[in-house]
Amino acid sequence: MQPAEPSDPATLRRAFRDALGSFATGVTIATTLAEDDAPVGVTASSFNSVSLDPPLVLWSLAKSAQSREAFTKSGHFAIHVLAASQQDLSDRFARSGADKFAGLDWEAGELGSPLFADFAARFECRTRHEYEGGDHVILVGEVVAFEAHDVPPLLFHAGAYARRRFQARDAAQDILNEIIAVEHALEKVARGDLPSGRVEEMRALMRRIVDLSN
């Protein structure tokens with residue numbers, strides 16, 4: 001258990017962030033319009049449902065975000081729950097200071113928020129409440145329109161996209177399995193039990209380990 005008042009607050013903040021990362025989330029892009037009608041968007045994993053009747057959802061935005069003023073003044077936003085194939089779009093909207101909409105096709109939604117054609121789910125919302133949330137603001141929206149597609153969602157876990165983490169873990173397990181197989185083969189060589197015809201098989205296993213580790 002982490003101490004309540006550690007001598008190093010920065011260490012505690014990092015540990016707290018890592019602990020929160022244990023909770024896997026979906027990945028969303030929230031969009032709205034600035035006062036000059038320029039499209040604004042940001043990647044967020046803080047999206048959650050609040051109520052079915054009325055239909056309410058929430059998400060949180062860092063107070064330091066350049067897009068904060070647009071989201072708090074527009075009175076509306078759209079939430080795009082991203083599909084597993086949209087990691088590049090997530091990365092684009094996670095960056096600050098760039099024209100995130102450059103080269104992207106979008107259309108204005110029912111309330112004016114920019115809408116993308118591809119998504120796992122999409123919610124157009126009228127802002128109902130704004131709450132203080134420490135270093136974030138919490139935005140609660142009433143859903144006025146929504147749509148969903150039957151596609152795998154993009155997931156985030158422990159500071160990385162979940163698919164990438166699990167793929168890396170699977171590769172490590174593959175390497176371990178191959179090493180175990182070679183170890184068993186070497187034991188047979190030591191005992192003189194390995195048929196000459198399986199020497200090439202053992203060499204192939206060794207090559208496989210090298211390939212997996214690259």
# chains A, B, ... in the order shown; residues from 1 in each chain; ligands from 1
>>> closest_atom_pairs(of="segment 48-84 of chain A", to="segment 32-38 of chain A", cutoff="10 Å", atoms="only C-alpha atoms", output="CSV")
residue,atom,partner,partner_atom,distance
A:Ser67,CA,A:Ala34,CA,8.3
A:Arg68,CA,A:Ala34,CA,9.8
A:Glu69,CA,A:Ala34,CA,7.9
A:Ala70,CA,A:Ala34,CA,4.7
A:Phe71,CA,A:Thr32,CA,6.3
A:Thr72,CA,A:Thr32,CA,9.7
A:Lys73,CA,A:Glu35,CA,8.0
A:Ser74,CA,A:Leu33,CA,6.4
A:Gly75,CA,A:Thr32,CA,8.8
A:His76,CA,A:Thr32,CA,6.5
A:Phe77,CA,A:Thr32,CA,4.8
A:Ala78,CA,A:Thr32,CA,6.6
A:Ile79,CA,A:Thr32,CA,9.3
>>> write_last_selection(atoms="N, CA and C atoms", output="compact mmCIF listing (two decimals), in the first residue's frame")
# COMPACT_ATOMS: atom_id res chain seq x y z
N SER A 67 -7.74 23.17 -25.75
CA SER A 67 -9.12 23.08 -26.23
C SER A 67 -10.16 23.32 -25.13
N ARG A 68 -9.71 23.60 -23.90
CA ARG A 68 -10.66 23.72 -22.78
C ARG A 68 -11.72 24.78 -23.05
N GLU A 69 -11.30 25.96 -23.49
CA GLU A 69 -12.25 27.06 -23.70
C GLU A 69 -13.31 26.68 -24.72
N ALA A 70 -12.89 26.03 -25.79
CA ALA A 70 -13.86 25.65 -26.82
C ALA A 70 -14.91 24.70 -26.26
N PHE A 71 -14.45 23.70 -25.50
CA PHE A 71 -15.40 22.71 -24.98
C PHE A 71 -16.33 23.31 -23.92
N THR A 72 -15.82 24.22 -23.12
CA THR A 72 -16.65 24.76 -22.04
C THR A 72 -17.60 25.87 -22.52
N LYS A 73 -17.31 26.46 -23.68
CA LYS A 73 -18.15 27.55 -24.17
C LYS A 73 -19.12 27.14 -25.28
N SER A 74 -18.82 26.05 -25.98
CA SER A 74 -19.64 25.70 -27.15
C SER A 74 -21.04 25.22 -26.79
N GLY A 75 -21.16 24.54 -25.65
CA GLY A 75 -22.47 24.02 -25.25
C GLY A 75 -22.78 22.66 -25.85
N HIS A 76 -21.82 22.07 -26.56
CA HIS A 76 -22.08 20.76 -27.16
C HIS A 76 -20.75 20.06 -27.44
N PHE A 77 -20.82 18.77 -27.57
CA PHE A 77 -19.64 17.98 -27.96
C PHE A 77 -20.10 16.64 -28.51
N ALA A 78 -19.21 16.01 -29.26
CA ALA A 78 -19.47 14.65 -29.76
C ALA A 78 -18.36 13.75 -29.25
N ILE A 79 -18.72 12.54 -28.88
CA ILE A 79 -17.77 11.54 -28.42
C ILE A 79 -17.72 10.41 -29.45
>>> closest_atom_pairs(of="segment 26-112 of chain A", to="segment 150-157 of chain A", cutoff="8 Å", atoms="only C-alpha atoms", output="Markdown table")
| residue | atom | partner | partner_atom | distance |
| --- | --- | --- | --- | --- |
| A:Gly26 | CA | A:Leu155 | CA | 4.6 |
| A:Val27 | CA | A:Leu154 | CA | 5.8 |
| A:Ser45 | CA | A:Phe156 | CA | 7.8 |
| A:Val81 | CA | A:Pro153 | CA | 7.3 |
| A:Leu82 | CA | A:Leu154 | CA | 5.6 |
| A:Ala83 | CA | A:Pro153 | CA | 4.2 |
| A:Ala84 | CA | A:Leu154 | CA | 3.8 |
| A:Ser85 | CA | A:Leu154 | CA | 7.2 |
| A:Gln86 | CA | A:Leu154 | CA | 7.1 |
| A:Gln87 | CA | A:Leu154 | CA | 7.1 |
>>> select_by_dssp(residues="segment 25-171 of chain A", states="alpha helix (DSSP H)", output="ChimeraX atom specification")
/A:68-74,87-94,162-171
>>> write_last_selection(atoms="C-alpha atoms", output="CSV table (one decimal), in the first residue's frame")
chain,number,residue,atom,x,y,z
A,68,ARG,CA,-10.7,23.7,-22.8
A,69,GLU,CA,-12.3,27.1,-23.7
A,70,ALA,CA,-13.9,25.6,-26.8
A,71,PHE,CA,-15.4,22.7,-25.0
A,72,THR,CA,-16.7,24.8,-22.0
A,73,LYS,CA,-18.2,27.6,-24.2
A,74,SER,CA,-19.6,25.7,-27.2
A,87,GLN,CA,-4.9,3.9,-33.4
A,88,ASP,CA,-3.3,6.4,-35.8
A,89,LEU,CA,-6.3,8.7,-35.4
A,90,SER,CA,-6.0,8.4,-31.6
A,91,ASP,CA,-2.3,9.4,-31.7
A,92,ARG,CA,-3.1,12.3,-34.0
A,93,PHE,CA,-5.6,13.8,-31.6
A,94,ALA,CA,-3.5,13.1,-28.5
A,162,ALA,CA,-3.9,-3.0,-25.1
A,163,ARG,CA,-3.4,-4.9,-28.3
A,164,ARG,CA,0.2,-3.8,-28.5
A,165,ARG,CA,0.9,-4.8,-24.9
A,166,PHE,CA,-0.7,-8.2,-25.4
A,167,GLN,CA,1.1,-8.8,-28.7
A,168,ALA,CA,4.4,-8.1,-26.9
A,169,ARG,CA,3.4,-10.4,-24.1
A,170,ASP,CA,2.5,-13.2,-26.6
A,171,ALA,CA,5.8,-12.8,-28.4
>>> closest_residue(among="A:Ser46, A:Phe116, A:Ala15, A:His136", to="Leu58 of chain A", atoms="only C-alpha atoms")
A:Ser46
>>> atom_distance(atom1="atom CA of Asp118 of chain A", atom2="atom CA of Ser96 of chain A")
22.2 Å
>>> closest_atom_pairs(of="segment 64-156 of chain A", to="segment 52-55 of chain A", cutoff="10 Å", atoms="only C-alpha atoms", output="CSV")
residue,atom,partner,partner_atom,distance
A:Cys125,CA,A:Pro55,CA,9.5
A:Gly141,CA,A:Pro55,CA,8.4
A:Glu142,CA,A:Pro55,CA,5.8
A:Val143,CA,A:Pro55,CA,5.6
A:Val144,CA,A:Pro55,CA,8.2
A:Ala145,CA,A:Pro55,CA,9.9
